[in-house]
Amino acid sequence: SKCSAPDDQGSSIFLLAGEVSYALPAPAGRWLPNARCEVYRKACAYGNDFYGNPSPKQAACLEHREDCALTDSDAIEPSSDEKEAACRRHDSDKEEACLELVEAPWYCQNTTNVQPCNWQDDSSLLGQNLYQLPLLPVDQDFPFACAAGLLGSADPKEQSSSSCAGRCPAGSQCPTEATYEALPCDAGHVCPEGTSVPLPCPAGSYSNATDLAAASECTDASPG
């Protein structure tokens, strides 16, 4: 059933105070603007060698920049356990390579004053894609529905903008908001890319197919 609240207090959500984050994935067919929760750190500043190449410390600092961004420690050199925890926050394609280097120096830099999320109080947020809810009434469906004519997805990588997973594929239709499985085009109609309402075949033509993408694919019904 629909959530309800007094006027000007948000029919979906109303926050009076505090900090609330929504962690993706959202339900299939919906999206939210979001950013990865990570530790913002100062730039590597160990300098270059005589030949202008990064010094060993600078090279290590740069190599582990992404690892340090997932380390919930203010230390320049986190413990092995802290490093291992950071590695496990990576996507699977980076996790294994990171774990092989937990005993090597990382040279993580000091954290900056401004941070994108409250990882200090909740380290489980690190590595997650988050949407920070505003302290304002939210009257729209939440999370936001992908528009008709667009294809939604359950993949967090395709839930970060109103473009969702892109336009509905040619030959298919996405007739309603939050469509995440494209439907076949109607018989006797064509469905170019991004279709929410199928277009009838031109006068004098027909088709029983349900995958037409252009009017030229309809069958000419002219005599002879």
# chains A, B, ... in the order shown; residues from 1 in each chain; ligands from 1
>>> select_by_dssp(residues="range 134-217 of chain A", states="strand (DSSP E or B)", output="PDB file with N, CA and C atoms, in the first residue's frame")
ATOM      1  N   VAL A 138      10.399  13.608   0.635  1.00  0.00           N
ATOM      2  CA  VAL A 138      10.541  12.870  -0.619  1.00  0.00           C
ATOM      3  C   VAL A 138       9.151  12.383  -1.008  1.00  0.00           C
ATOM      4  N   PHE A 144      13.883   5.764  -7.278  1.00  0.00           N
ATOM      5  CA  PHE A 144      13.210   6.317  -8.444  1.00  0.00           C
ATOM      6  C   PHE A 144      13.032   5.263  -9.531  1.00  0.00           C
ATOM      7  N   ALA A 145      11.879   5.301 -10.194  1.00  0.00           N
ATOM      8  CA  ALA A 145      11.578   4.330 -11.248  1.00  0.00           C
ATOM      9  C   ALA A 145      12.203   4.755 -12.565  1.00  0.00           C
ATOM     10  N   LEU A 150      12.684   2.989 -21.247  1.00  0.00           N
ATOM     11  CA  LEU A 150      14.027   2.623 -20.795  1.00  0.00           C
ATOM     12  C   LEU A 150      13.975   1.243 -20.161  1.00  0.00           C
ATOM     13  N   ARG A 167      18.219   2.571 -23.442  1.00  0.00           N
ATOM     14  CA  ARG A 167      16.924   2.548 -24.123  1.00  0.00           C
ATOM     15  C   ARG A 167      16.463   1.115 -24.358  1.00  0.00           C
ATOM     16  N   SER A 172      11.566  -4.567 -29.242  1.00  0.00           N
ATOM     17  CA  SER A 172      10.910  -4.836 -27.961  1.00  0.00           C
ATOM     18  C   SER A 172      10.254  -3.553 -27.470  1.00  0.00           C
ATOM     19  N   GLN A 173       9.429  -3.679 -26.435  1.00  0.00           N
ATOM     20  CA  GLN A 173       8.796  -2.514 -25.839  1.00  0.00           C
ATOM     21  C   GLN A 173       8.983  -2.538 -24.319  1.00  0.00           C
ATOM     22  N   LEU A 183       9.416  -6.424 -23.214  1.00  0.00           N
ATOM     23  CA  LEU A 183       8.341  -7.263 -23.751  1.00  0.00           C
ATOM     24  C   LEU A 183       8.421  -7.309 -25.271  1.00  0.00           C
ATOM     25  N   PRO A 184       7.921  -8.374 -25.890  1.00  0.00           N
ATOM     26  CA  PRO A 184       7.911  -8.423 -27.363  1.00  0.00           C
ATOM     27  C   PRO A 184       7.058  -7.285 -27.926  1.00  0.00           C
ATOM     28  N   HIS A 189       2.898  -4.214 -35.506  1.00  0.00           N
ATOM     29  CA  HIS A 189       3.506  -2.969 -35.057  1.00  0.00           C
ATOM     30  C   HIS A 189       5.025  -3.073 -35.147  1.00  0.00           C
ATOM     31  N   VAL A 190       5.672  -1.930 -35.038  1.00  0.00           N
ATOM     32  CA  VAL A 190       7.132  -1.895 -35.018  1.00  0.00           C
ATOM     33  C   VAL A 190       7.569  -1.193 -33.737  1.00  0.00           C
ATOM     34  N   LEU A 199       4.447   1.291 -32.634  1.00  0.00           N
ATOM     35  CA  LEU A 199       3.895   2.047 -33.766  1.00  0.00           C
ATOM     36  C   LEU A 199       3.294   1.072 -34.769  1.00  0.00           C
ATOM     37  N   PRO A 200       2.089   1.330 -35.292  1.00  0.00           N
ATOM     38  CA  PRO A 200       1.471   0.406 -36.251  1.00  0.00           C
ATOM     39  C   PRO A 200       2.253   0.382 -37.569  1.00  0.00           C
ATOM     40  N   SER A 205       0.391  -2.323 -45.259  1.00  0.00           N
ATOM     41  CA  SER A 205       1.366  -3.342 -44.873  1.00  0.00           C
ATOM     42  C   SER A 205       0.895  -4.015 -43.596  1.00  0.00           C
ATOM     43  N   TYR A 206       1.479  -5.176 -43.302  1.00  0.00           N
ATOM     44  CA  TYR A 206       1.064  -5.932 -42.129  1.00  0.00           C
ATOM     45  C   TYR A 206       2.245  -6.772 -41.635  1.00  0.00           C
TER      46      TYR A 206
END
>>> residues_around(residues="Glu95 in chain A", least_positions_apart="5", cutoff="12 Å", atoms="only C-alpha atoms", output="PyMOL selection string")
chain A and resi 66-67+70+83-90+100-102+127
>>> residues_around(residues="Arg30 in chain A", least_positions_apart="3", cutoff="9 Å", atoms="only C-alpha atoms", output="list in words")
Ala26, Pro27, Phe142, Pro143, Phe144, Ala145, Cys146, Gly152, Ser153, Ala154, Gln159, Ser162, Cys164, Glu177, Ala178, Thr179 and Tyr180 of chain A
>>> select_by_dssp(residues="chain A", states="helix (DSSP H, G or I)", output="ChimeraX atom specification")
/A:56-63,65-68,80-87,92-99,123-125,156-158,215-217
>>> atom_distance(atom1="CA of Ala28 in chain A", atom2="CA of Ala214 in chain A")
28.5 Å
>>> atom_distance(atom1="CA of Leu62 in chain A", atom2="CA of Asp49 in chain A")
14.7 Å
>>> closest_residue(among="A:Ser80, A:Gln128, A:Thr112, A:Ser123", to="Cys37 in chain A", atoms="only C-alpha atoms")
A:Gln128
>>> residues_around(residues="Asn110 in chain A", least_positions_apart="3", cutoff="7 Å", atoms="only C-alpha atoms", output="list of chain:residue names")
A:Arg41, A:Lys42, A:Asp74, A:Ile76
>>> closest_residue(among="A:Pro202, A:Gly29, A:Pro105, A:Pro78", to="Gln58 in chain A", atoms="only C-alpha atoms")
A:Pro105
